[in-house]
$ cat run-v4.txt   # compact mmCIF, C-alpha atoms and all ligand atoms
# COMPACT_ATOMS: atom_id res chain seq x y z
CA MET A 1 0.00 0.00 0.00
CA SER A 2 1.29 3.49 -0.75
CA ASN A 3 2.75 5.70 1.96
CA GLU A 4 -0.28 7.93 2.14
CA LEU A 5 -2.67 5.07 2.83
CA LYS A 6 -2.87 2.97 5.96
CA TYR A 7 -4.90 -0.15 6.62
CA LEU A 8 -8.19 -0.03 8.47
CA ARG A 9 -8.28 -1.69 11.86
CA VAL A 10 -10.17 -4.98 11.66
CA SER A 11 -12.74 -5.46 14.43
CA ASN A 12 -13.69 -9.12 13.95
CA ASP A 13 -12.26 -9.87 17.41
CA ALA A 14 -15.08 -7.77 18.92
CA VAL A 15 -18.10 -8.88 16.84
CA ASP A 16 -19.82 -10.28 19.91
CA ASP A 17 -18.89 -7.51 22.30
CA ALA A 18 -21.36 -4.66 21.90
CA ALA A 19 -19.71 -2.46 24.52
CA GLU A 20 -16.33 -2.76 22.81
CA LEU A 21 -17.86 -2.03 19.39
CA GLN A 22 -19.51 1.08 20.85
CA ARG A 23 -16.16 2.19 22.30
CA ARG A 24 -14.35 1.65 19.03
CA ILE A 25 -16.84 3.45 16.82
CA ALA A 26 -16.92 6.35 19.32
CA ASP A 27 -13.10 6.54 19.30
CA ASP A 28 -12.19 5.69 15.72
CA GLY A 29 -15.28 6.88 13.83
CA TYR A 30 -15.53 3.60 11.93
CA LEU A 31 -15.73 -0.17 12.28
CA PHE A 32 -14.36 -2.55 9.68
CA PHE A 33 -15.03 -6.27 9.45
CA LYS A 34 -13.59 -8.93 7.20
CA ARG A 35 -16.14 -11.39 5.85
CA LEU A 36 -18.94 -10.18 8.06
CA VAL A 37 -21.25 -11.77 5.51
CA SER A 38 -20.57 -15.06 3.80
CA PRO A 39 -18.76 -14.19 0.54
CA ASP A 40 -21.11 -16.56 -1.32
CA LYS A 41 -24.03 -14.20 -0.67
CA LEU A 42 -22.08 -11.35 -2.24
CA TRP A 43 -20.98 -13.45 -5.20
CA GLU A 44 -24.59 -14.41 -5.84
CA LEU A 45 -25.69 -10.79 -5.66
CA ARG A 46 -22.81 -9.84 -7.94
CA ARG A 47 -23.90 -12.38 -10.54
CA GLU A 48 -27.41 -10.99 -10.55
CA MET A 49 -26.36 -7.34 -10.70
CA MET A 50 -23.49 -7.78 -13.18
CA SER A 51 -25.74 -9.82 -15.48
CA VAL A 52 -28.14 -6.91 -15.66
CA ILE A 53 -25.22 -4.53 -16.15
CA GLN A 54 -24.13 -6.68 -19.08
CA GLN A 55 -27.66 -6.67 -20.51
CA VAL A 56 -27.72 -2.88 -20.45
CA GLY A 57 -24.52 -2.92 -22.49
CA TRP A 58 -21.95 -1.71 -19.98
CA LEU A 59 -19.86 -4.89 -19.94
CA VAL A 60 -18.01 -6.29 -22.93
CA ALA A 61 -20.33 -8.80 -24.60
CA ASP A 62 -19.39 -12.46 -24.25
CA THR A 63 -17.21 -11.90 -21.18
CA ASP A 64 -18.12 -13.52 -17.87
CA PRO A 65 -20.29 -10.94 -16.07
CA MET A 66 -18.60 -11.96 -12.79
CA ASP A 67 -15.36 -10.43 -14.11
CA GLY A 68 -17.04 -7.03 -14.53
CA ILE A 69 -15.10 -6.15 -17.70
CA ALA A 70 -16.39 -2.72 -18.63
CA ASP A 71 -16.96 -1.39 -22.13
CA ILE A 72 -15.05 1.83 -21.62
CA ASN A 73 -16.88 3.56 -24.45
CA MET A 74 -19.84 3.62 -22.09
CA ARG A 75 -18.37 5.54 -19.20
CA TYR A 76 -21.25 7.24 -17.44
CA THR A 77 -21.82 8.49 -13.96
CA GLU A 78 -24.50 9.85 -11.66
CA GLY A 79 -26.07 12.91 -13.26
CA ASP A 80 -25.95 11.44 -16.80
CA ASN A 81 -29.21 10.25 -18.31
CA GLU A 82 -27.34 7.30 -19.78
CA TYR A 83 -26.22 6.30 -16.28
CA SER A 84 -29.79 6.53 -15.04
CA ALA A 85 -31.05 4.28 -17.82
CA GLY A 86 -28.69 1.47 -16.82
CA TYR A 87 -28.82 2.07 -13.09
CA ALA A 88 -32.62 1.87 -13.14
CA GLU A 89 -32.46 -1.75 -14.31
CA VAL A 90 -30.04 -2.63 -11.52
CA TYR A 91 -32.11 -0.69 -9.00
CA LYS A 92 -35.15 -2.86 -9.67
CA ILE A 93 -33.39 -6.01 -8.45
CA GLU A 94 -35.20 -7.30 -5.37
CA ASN A 95 -32.13 -8.99 -3.88
CA PHE A 96 -30.14 -5.79 -4.10
CA HIS A 97 -32.71 -4.07 -1.84
CA ARG A 98 -32.92 -7.14 0.36
CA SER A 99 -29.16 -7.18 0.93
CA ALA A 100 -29.45 -4.06 3.13
CA HIS A 101 -31.77 -6.12 5.37
CA TRP A 102 -29.39 -9.05 5.77
CA PRO A 103 -29.26 -9.88 9.50
CA GLU A 104 -25.45 -9.81 9.47
CA TYR A 105 -25.56 -6.06 8.76
CA LEU A 106 -28.55 -5.29 10.98
CA ASP A 107 -27.19 -7.21 13.97
CA ILE A 108 -23.85 -5.50 13.93
CA VAL A 109 -25.40 -2.02 13.52
CA GLU A 110 -27.65 -2.77 16.49
CA LYS A 111 -24.62 -3.77 18.53
CA MET A 112 -22.57 -0.72 17.60
CA THR A 113 -25.45 1.70 18.30
CA GLY A 114 -26.98 -0.22 21.22
CA ALA A 115 -30.48 0.39 19.86
CA PRO A 116 -33.02 -1.08 17.43
CA VAL A 117 -32.17 0.00 13.87
CA MET A 118 -33.60 -0.22 10.38
CA PRO A 119 -32.24 0.39 6.90
CA HIS A 120 -33.23 3.61 5.21
CA PRO A 121 -35.78 2.98 2.44
CA GLN A 122 -33.35 4.51 -0.06
CA LYS A 123 -30.69 1.98 -0.98
CA VAL A 124 -27.61 2.89 -2.99
CA ALA A 125 -25.45 0.92 -5.40
CA ARG A 126 -22.39 2.40 -7.09
CA ILE A 127 -21.29 1.24 -10.50
CA TRP A 128 -17.93 2.83 -11.12
CA PHE A 129 -16.27 2.87 -14.53
CA PRO A 130 -12.50 2.51 -14.91
CA LYS A 131 -10.28 5.46 -15.86
CA TYR A 132 -12.98 7.95 -15.16
CA THR A 133 -11.19 9.27 -12.15
CA GLU A 134 -12.28 12.91 -12.28
CA HIS A 135 -15.76 11.70 -11.28
CA THR A 136 -14.58 9.76 -8.21
CA THR A 137 -16.58 10.42 -5.03
CA PRO A 138 -14.71 13.30 -3.36
CA THR A 139 -13.88 13.81 0.33
CA HIS A 140 -17.10 14.47 2.28
CA GLN A 141 -19.25 13.79 5.33
CA ASP A 142 -22.43 11.84 4.58
CA PHE A 143 -24.64 14.20 6.55
CA VAL A 144 -24.69 16.76 3.70
CA HIS A 145 -26.30 14.17 1.43
CA PHE A 146 -28.43 11.97 3.65
CA GLN A 147 -29.22 14.26 6.59
CA GLY A 148 -31.86 13.37 9.20
CA SER A 149 -29.58 12.47 12.10
CA TYR A 150 -25.87 12.41 13.01
CA ASP A 151 -26.57 8.93 14.37
CA ASN A 152 -27.13 7.42 10.94
CA ILE A 153 -24.65 4.70 10.12
CA THR A 154 -23.38 4.13 6.59
CA CYS A 155 -22.41 0.62 5.56
CA TRP A 156 -20.09 0.45 2.55
CA ALA A 157 -19.55 -3.01 1.12
CA PRO A 158 -17.98 -4.18 -2.14
CA ILE A 159 -20.05 -6.61 -4.20
CA GLY A 160 -17.15 -8.91 -4.99
CA ASP A 161 -13.49 -8.23 -4.24
CA CYS A 162 -12.27 -4.66 -4.37
CA PRO A 163 -8.50 -4.26 -4.25
CA ILE A 164 -7.14 -0.75 -3.82
CA GLU A 165 -6.71 -0.08 -7.54
CA LEU A 166 -10.41 -0.73 -8.12
CA GLY A 167 -11.26 2.29 -5.96
CA GLY A 168 -12.83 1.29 -2.66
CA LEU A 169 -13.67 3.54 0.24
CA ALA A 170 -11.14 5.36 2.45
CA VAL A 171 -11.85 7.11 5.76
CA ILE A 172 -10.00 9.43 8.12
CA PRO A 173 -10.12 7.83 11.57
CA ARG A 174 -11.40 10.07 14.37
CA SER A 175 -12.54 12.75 11.91
CA HIS A 176 -16.11 12.43 13.25
CA LYS A 177 -14.84 14.11 16.40
CA VAL A 178 -15.15 17.51 14.71
CA ASN A 179 -18.75 16.99 15.79
CA ARG A 180 -20.21 19.32 13.18
CA VAL A 181 -20.86 19.52 9.48
CA LEU A 182 -17.83 21.11 7.84
CA ASP A 183 -18.00 23.53 4.93
CA HIS A 184 -18.42 21.64 1.70
CA HIS A 185 -17.65 23.10 -1.71
CA PHE A 186 -18.41 22.41 -5.36
CA SER A 187 -16.76 19.32 -6.82
CA LEU A 188 -17.24 17.46 -10.08
CA GLY A 189 -17.13 14.07 -8.32
CA ALA A 190 -20.19 12.04 -7.34
CA GLY A 191 -22.35 13.89 -4.83
CA GLY A 192 -20.94 17.18 -6.10
CA LEU A 193 -19.57 18.35 -2.73
CA ILE A 194 -16.05 18.26 -1.30
CA VAL A 195 -14.53 19.19 2.03
CA ASP A 196 -10.89 20.16 2.54
CA GLU A 197 -9.68 17.78 5.24
CA THR A 198 -6.40 19.67 5.59
CA ALA A 199 -8.10 22.95 6.52
CA HIS A 200 -9.00 21.90 10.06
CA ASP A 201 -6.40 21.68 12.82
CA GLU A 202 -8.42 19.12 14.76
CA ILE A 203 -8.21 16.62 11.91
CA ASP A 204 -5.13 14.52 11.28
CA PRO A 205 -5.71 13.69 7.63
CA VAL A 206 -4.33 10.17 7.47
CA TRP A 207 -6.36 8.03 5.09
CA HIS A 208 -7.17 4.41 5.89
CA THR A 209 -8.52 1.82 3.49
CA ALA A 210 -8.29 -1.89 2.68
CA ASP A 211 -7.89 -4.43 -0.06
CA TYR A 212 -11.52 -5.32 0.32
CA GLU A 213 -12.85 -8.80 -0.29
CA ALA A 214 -16.38 -10.04 -0.84
CA GLY A 215 -18.22 -10.08 2.50
CA ASP A 216 -16.20 -7.24 4.06
CA ALA A 217 -18.10 -4.26 5.44
CA LEU A 218 -17.10 -0.79 6.62
CA PHE A 219 -19.41 1.17 8.94
CA PHE A 220 -19.19 4.81 9.95
CA PRO A 221 -21.42 7.57 11.33
CA ALA A 222 -22.63 10.60 9.38
CA LEU A 223 -19.77 12.94 10.29
CA THR A 224 -16.80 10.70 9.48
CA ILE A 225 -14.79 12.14 6.59
CA HIS A 226 -14.38 9.71 3.71
CA ARG A 227 -13.94 9.44 -0.06
CA ALA A 228 -13.65 6.82 -2.75
CA LEU A 229 -10.28 5.97 -4.24
CA PRO A 230 -9.93 6.28 -8.03
CA ASN A 231 -10.63 3.23 -10.16
CA TYR A 232 -7.25 2.92 -11.89
CA THR A 233 -7.88 -0.46 -13.47
CA ASP A 234 -7.81 -0.71 -17.27
CA ASP A 235 -11.21 -2.24 -17.68
CA LYS A 236 -12.95 -3.29 -14.45
CA LEU A 237 -16.18 -1.92 -13.06
CA ARG A 238 -16.29 -1.30 -9.32
CA LEU A 239 -19.61 -2.46 -7.87
CA SER A 240 -20.51 -1.65 -4.26
CA LEU A 241 -23.30 -1.02 -1.80
CA ASP A 242 -23.59 1.98 0.39
CA ASN A 243 -26.62 1.73 2.56
CA ARG A 244 -27.69 3.70 5.57
CA TYR A 245 -29.14 2.60 8.87
CA MET A 246 -31.11 4.69 11.32
CA LEU A 247 -32.23 4.27 14.91
CA VAL A 248 -35.89 3.33 14.93
CA GLY A 249 -37.89 6.43 15.87
CA ASP A 250 -35.13 8.87 14.89
CA ASN A 251 -35.41 11.66 12.29
CA ILE A 252 -35.26 10.78 8.62
CA ALA A 253 -34.97 13.34 5.84
CA GLU A 254 -37.87 13.11 3.42
CA HIS A 255 -35.75 12.28 0.34
CA MET A 256 -34.46 9.13 2.04
CA LEU A 257 -37.98 7.73 1.81
CA GLU A 258 -37.62 7.80 -1.97
CA PRO A 259 -35.59 5.64 -4.35
CA HIS A 260 -32.03 6.85 -5.01
CA GLY A 261 -32.31 9.86 -7.35
CA PRO A 262 -30.12 8.63 -10.22
CA SER A 263 -32.47 5.65 -10.70
CA GLN A 264 -35.26 8.04 -11.74
CA LEU A 265 -37.75 5.42 -10.53
CA SER A 266 -40.77 5.37 -8.25
CA TRP A 267 -41.30 2.55 -5.74
CA ASP A 268 -44.12 1.23 -7.92
CA ASP A 269 -41.73 0.95 -10.88
CA ILE A 270 -39.25 -0.86 -8.68
CA TYR A 271 -41.76 -3.29 -7.16
CA LEU A 272 -43.36 -4.30 -10.44
CA HIS A 273 -41.66 -7.71 -10.74
CA TRP A 274 -40.73 -8.44 -7.13
CA ARG A 275 -41.47 -11.93 -5.91
CA HIS A 276 -42.05 -11.11 -2.24
CA GLU A 277 -44.19 -8.58 -0.43
CA ASP A 278 -42.35 -8.24 2.87
CA LEU A 279 -40.03 -5.38 1.92
CA LYS A 280 -42.50 -3.28 -0.05
CA PHE A 281 -42.96 -0.01 1.87
CA TYR A 282 -41.71 -1.82 5.01
CA TRP A 283 -40.83 1.52 6.68
CA ARG A 284 -44.49 2.49 6.99
CA LYS A 285 -44.69 0.17 9.98
CA PHE A 286 -42.22 2.36 11.87
CA ASP A 287 -42.89 5.61 13.59
CA ASN A 288 -39.95 7.70 12.42
CA ARG A 289 -40.01 11.48 12.27
CA VAL A 290 -39.80 12.76 8.71
CA VAL A 291 -37.93 16.05 8.41
CA GLU A 292 -37.61 18.38 5.47
CA ARG A 293 -34.56 18.07 3.23
CA ASP A 294 -32.06 20.87 3.73
CA MET A 295 -31.09 22.11 0.27
CA SER A 296 -28.51 24.60 1.53
CA TYR A 297 -25.51 22.31 0.93
CA SER A 298 -26.29 21.58 -2.69
CA ASP A 299 -27.51 25.14 -3.35
CA LYS A 300 -24.22 26.49 -2.10
CA GLY A 301 -22.30 24.02 -4.28
CA PHE A 302 -24.31 25.11 -7.32
CA ALA A 303 -23.76 28.81 -6.59
CA GLU A 304 -20.02 28.15 -6.32
CA ALA A 305 -20.08 26.28 -9.62
CA ILE A 306 -21.72 29.29 -11.29
CA ASP A 307 -18.97 31.60 -10.00
CA LEU A 308 -16.23 29.14 -10.89
CA ALA A 309 -17.65 28.65 -14.39
CA ARG A 310 -17.65 32.41 -14.92
CA ALA A 311 -13.98 32.40 -13.94
CA GLY A 312 -13.35 29.69 -16.56
CA ASP A 313 -13.11 26.63 -14.28
CA LYS A 314 -13.35 23.57 -16.54
CA ASP A 315 -14.96 21.25 -14.00
CA ALA A 316 -17.65 23.80 -13.21
CA ILE A 317 -18.35 24.42 -16.91
CA PHE A 318 -18.55 20.67 -17.47
CA MET A 319 -21.03 20.28 -14.60
CA LEU A 320 -23.26 23.04 -15.98
CA GLN A 321 -23.14 21.49 -19.45
CA ARG A 322 -24.05 18.14 -17.94
CA SER A 323 -26.98 19.48 -15.96
CA ILE A 324 -28.37 21.22 -19.04
CA LYS A 325 -27.84 18.19 -21.25
CA ASN A 326 -29.59 15.93 -18.78
CA ALA A 327 -32.19 18.62 -18.12
CA ARG A 328 -33.43 17.34 -14.84
CA ASP A 329 -31.74 19.51 -12.27
CA ARG A 330 -34.51 21.99 -12.94
CA VAL A 331 -33.02 24.03 -10.16
CA ASN A 332 -31.12 26.97 -11.51
CA LEU A 333 -31.14 25.66 -15.04
CA ASP A 334 -31.77 29.12 -16.43
CA GLU A 335 -28.80 30.44 -14.56
CA ALA A 336 -26.58 27.67 -15.91
CA LEU A 337 -27.73 28.41 -19.46
CA ALA A 338 -27.11 32.12 -19.01
CA VAL A 339 -23.55 31.53 -17.80
CA LEU A 340 -22.68 29.19 -20.67
CA ASN A 341 -24.13 31.67 -23.18
CA GLU A 342 -22.15 34.44 -21.57
CA LEU A 343 -18.98 32.37 -21.91
CA GLY A 344 -19.85 31.33 -25.44
CA VAL A 345 -19.26 27.65 -24.64
CA PRO A 346 -21.33 25.01 -26.39
CA LEU A 347 -24.05 23.23 -24.43
CA GLU A 348 -22.35 19.88 -25.01
O1 LIG A 401 -18.75 4.35 -3.27
C1 LIG A 401 -18.59 5.56 -3.48
O2 LIG A 401 -18.02 6.00 -4.49
C2 LIG A 401 -19.11 6.54 -2.50
C3 LIG A 401 -19.56 5.90 -1.25
C4 LIG A 401 -19.81 6.85 -0.13
O3 LIG A 401 -19.47 8.00 -0.12
C5 LIG A 401 -20.52 6.30 1.02
O4 LIG A 401 -20.62 5.07 1.14
O5 LIG A 401 -21.00 7.11 1.83
FE FE A 402 -20.39 9.05 1.54
$ encode --input "run-v4.txt" --output "structure tokens"
Amino acid sequence: MSNELKYLRVSNDAVDDAAELQRRIADDGYLFFKRLVSPDKLWELRREMMSVIQQVGWLVADTDPMDGIADINMRYTEGDNEYSAGYAEVYKIENFHRSAHWPEYLDIVEKMTGAPVMPHPQKVARIWFPKYTEHTTPTHQDFVHFQGSYDNITCWAPIGDCPIELGGLAVIPRSHKVNRVLDHHFSLGAGGLIVDETAHDEIDPVWHTADYEAGDALFFPALTIHRALPNYTDDKLRLSLDNRYMLVGDNIAEHMLEPHGPSQLSWDDIYLHWRHEDLKFYWRKFDNRVVERDMSYSDKGFAEAIDLARAGDKDAIFMLQRSIKNARDRVNLDEALAVLNELGVPLE
């Protein structure tokens, strides 16, 4: 592993010791387990998801879908309509949603929080193309995206093996101790918001990650600073889960009751061909407090992008072009168009 990256501490020795897990997550701001889930369950999920990914044309035809060999002419990401078209097919897979409810994940989140928990309705899969590194998920705290409560726990898990070069997740241990949401700024990467981890004296910006294997899982609360590593492989897709868990009865932001935005689907679209009923609208049985989504983080990012684009920043111009081309970020679309016209840059 390179000098800048250290290995995550493995907590398998404490899986049955709730008090110790609570101490470690409070101190380190994360918990990492090897093979928390039987790898076979992940391989099976991978087969199902990668087969759909091949059907939508993102894998090289006639290769084994398990190898995840990407057609690199098809590099798309969140925010592109082409990404949404493929992601929607993956997002309909019942077992993908069910995986967030696997008892292995739920039990350990209950132990580390010491309370009854449930998965957020919104599940997230990431399908990451190789050599598309400028779109890599930048350094951030999850609260700006998922909101609701600082007590939410994210679970990041590769669907298959994910060695460092495939671009897994990295965290800064103890960074949650800042105990507040830091200033995030415009970024081209997924989520669109970045924080400068070096700008805060309280944070020692040492990044920790792993050569992840199928079944491994990394958990962290909503204020822990993290990012994805770039996918430097020549031709491999990175496929992973990042799901969120909440304390039953806690606050949940309204958008987390909806399917993940890039899927562009409604729950009825998603449920159309499901074989079981138990997970359909399961959250309605729980008495959680729904709170309004706070748009200030993304609004600020967009306003910064407008200013940066005016100053000629290529990433910001690209983002504005993309939001016009995909014409669904209705927010501020007119402003984006005006800036590009002003600059005389083409819309694509
Ligand atoms: O997998 C990624 O690229 C981003 C994941 C992430 O930020 C998360 O799990 O919260
Ligand atoms: Fe995140």
$ residues_near_point --input "run-v4.txt" --point "(-22.9, 7.1, -16.5)" --cutoff "12 Å" --atoms "only C-alpha atoms" --output "MDAnalysis selection string"
chainID A and resid 53 56:58 70:88 126:130 132 135 190 237 262:263 322 326
$ atom_distance --input "run-v4.txt" --atom1 "CA of Pro119 in chain A" --atom2 "CA of Tyr245 in chain A"
4.3 Å
$ closest_atom_pairs --input "run-v4.txt" --of "chain A" --to "ligand FE 402 (chain A)" --cutoff "8 Å" --atoms "only C-alpha atoms and all ligand atoms" --output "CSV"
residue,atom,partner,partner_atom,distance
A:Thr137,CA,A:FE402,FE,7.7
A:His140,CA,A:FE402,FE,6.4
A:Gln141,CA,A:FE402,FE,6.2
A:Asp142,CA,A:FE402,FE,4.6
A:His145,CA,A:FE402,FE,7.8
A:Thr154,CA,A:FE402,FE,7.7
A:His226,CA,A:FE402,FE,6.4
A:Arg227,CA,A:FE402,FE,6.7
A:Asp242,CA,A:FE402,FE,7.8
$ write_last_selection --input "run-v4.txt" --atoms "C-alpha atoms" --output "PDB file, keeping the file's coordinate frame"
ATOM      1  CA  THR A 137     -16.580  10.420  -5.030  1.00  0.00           C
ATOM      2  CA  HIS A 140     -17.100  14.470   2.280  1.00  0.00           C
ATOM      3  CA  GLN A 141     -19.250  13.790   5.330  1.00  0.00           C
ATOM      4  CA  ASP A 142     -22.430  11.840   4.580  1.00  0.00           C
ATOM      5  CA  HIS A 145     -26.300  14.170   1.430  1.00  0.00           C
ATOM      6  CA  THR A 154     -23.380   4.130   6.590  1.00  0.00           C
ATOM      7  CA  HIS A 226     -14.380   9.710   3.710  1.00  0.00           C
ATOM      8  CA  ARG A 227     -13.940   9.440  -0.060  1.00  0.00           C
ATOM      9  CA  ASP A 242     -23.590   1.980   0.390  1.00  0.00           C
TER      10      ASP A 242
END
$ closest_atom_pairs --input "run-v4.txt" --of "chain A" --to "ligand LIG 401 (chain A)" --cutoff "10 Å" --atoms "only C-alpha atoms and all ligand atoms" --output "Markdown table"
| residue | atom | partner | partner_atom | distance |
| --- | --- | --- | --- | --- |
| A:Val124 | CA | A:LIG401 | O4 | 8.4 |
| A:Ala125 | CA | A:LIG401 | O1 | 7.8 |
| A:Arg126 | CA | A:LIG401 | O1 | 5.6 |
| A:Ile127 | CA | A:LIG401 | O1 | 8.3 |
| A:Trp128 | CA | A:LIG401 | O2 | 7.3 |
| A:His135 | CA | A:LIG401 | O2 | 9.1 |
| A:Thr136 | CA | A:LIG401 | O2 | 6.3 |
| A:Thr137 | CA | A:LIG401 | O2 | 4.7 |
| A:Pro138 | CA | A:LIG401 | O3 | 7.8 |
| A:Thr139 | CA | A:LIG401 | O3 | 8.1 |
| A:His140 | CA | A:LIG401 | O3 | 7.3 |
| A:Gln141 | CA | A:LIG401 | O5 | 7.7 |
| A:Asp142 | CA | A:LIG401 | O5 | 5.7 |
| A:Phe143 | CA | A:LIG401 | O5 | 9.3 |
| A:His145 | CA | A:LIG401 | O5 | 8.8 |
| A:Phe146 | CA | A:LIG401 | O5 | 9.1 |
| A:Ile153 | CA | A:LIG401 | O5 | 9.4 |
| A:Thr154 | CA | A:LIG401 | O5 | 6.1 |
| A:Cys155 | CA | A:LIG401 | O4 | 6.5 |
| A:Trp156 | CA | A:LIG401 | O4 | 4.9 |
| A:Ala157 | CA | A:LIG401 | O4 | 8.2 |
| A:Pro158 | CA | A:LIG401 | O1 | 8.6 |
| A:Gly167 | CA | A:LIG401 | O2 | 7.9 |
| A:Gly168 | CA | A:LIG401 | O1 | 6.7 |
| A:Leu169 | CA | A:LIG401 | O1 | 6.2 |
| A:Ala170 | CA | A:LIG401 | O3 | 9.1 |
| A:Val171 | CA | A:LIG401 | O3 | 9.7 |
| A:Gly189 | CA | A:LIG401 | O2 | 9.0 |
| A:Ala190 | CA | A:LIG401 | O2 | 7.0 |
| A:Gly191 | CA | A:LIG401 | O3 | 8.1 |
| A:Leu218 | CA | A:LIG401 | O4 | 8.8 |
| A:Phe219 | CA | A:LIG401 | O4 | 8.8 |
| A:Phe220 | CA | A:LIG401 | O5 | 8.6 |
| A:Pro221 | CA | A:LIG401 | O5 | 9.5 |
| A:Ala222 | CA | A:LIG401 | O5 | 8.5 |
| A:Thr224 | CA | A:LIG401 | O5 | 9.4 |
| A:Ile225 | CA | A:LIG401 | O3 | 9.2 |
| A:His226 | CA | A:LIG401 | O3 | 6.6 |
| A:Arg227 | CA | A:LIG401 | O3 | 5.7 |
| A:Ala228 | CA | A:LIG401 | O2 | 4.8 |
| A:Leu229 | CA | A:LIG401 | O2 | 7.7 |
| A:Pro230 | CA | A:LIG401 | O2 | 8.8 |
| A:Asn231 | CA | A:LIG401 | O2 | 9.7 |
| A:Arg238 | CA | A:LIG401 | O1 | 8.6 |
| A:Leu239 | CA | A:LIG401 | O1 | 8.3 |
| A:Ser240 | CA | A:LIG401 | O1 | 6.3 |
| A:Leu241 | CA | A:LIG401 | O1 | 7.2 |
| A:Asp242 | CA | A:LIG401 | O4 | 4.4 |
| A:Asn243 | CA | A:LIG401 | O4 | 7.0 |
| A:Arg244 | CA | A:LIG401 | O5 | 8.4 |
$ residues_around --input "run-v4.txt" --residues "range 37-44 of chain A" --least-positions-apart "3" --cutoff "7 Å" --atoms "only C-alpha atoms" --output "PyMOL selection string"
chain A and resi 47-48+104+159-160+214-216
$ closest_residue --input "run-v4.txt" --among "A:Leu257, A:Ile25, A:Ala100, A:Val181" --to "Phe281 in chain A" --atoms "only C-alpha atoms"
A:Leu257
$ axis_aligned_box --input "run-v4.txt" --around "range 173-185 of chain A" --padding-each-side "3 Å" --output "lines of an AutoDock Vina configuration file"
center_x = -15.5
center_y = 15.7
center_z = 7.3
size_x = 16.7
size_y = 21.7
size_z = 24.1
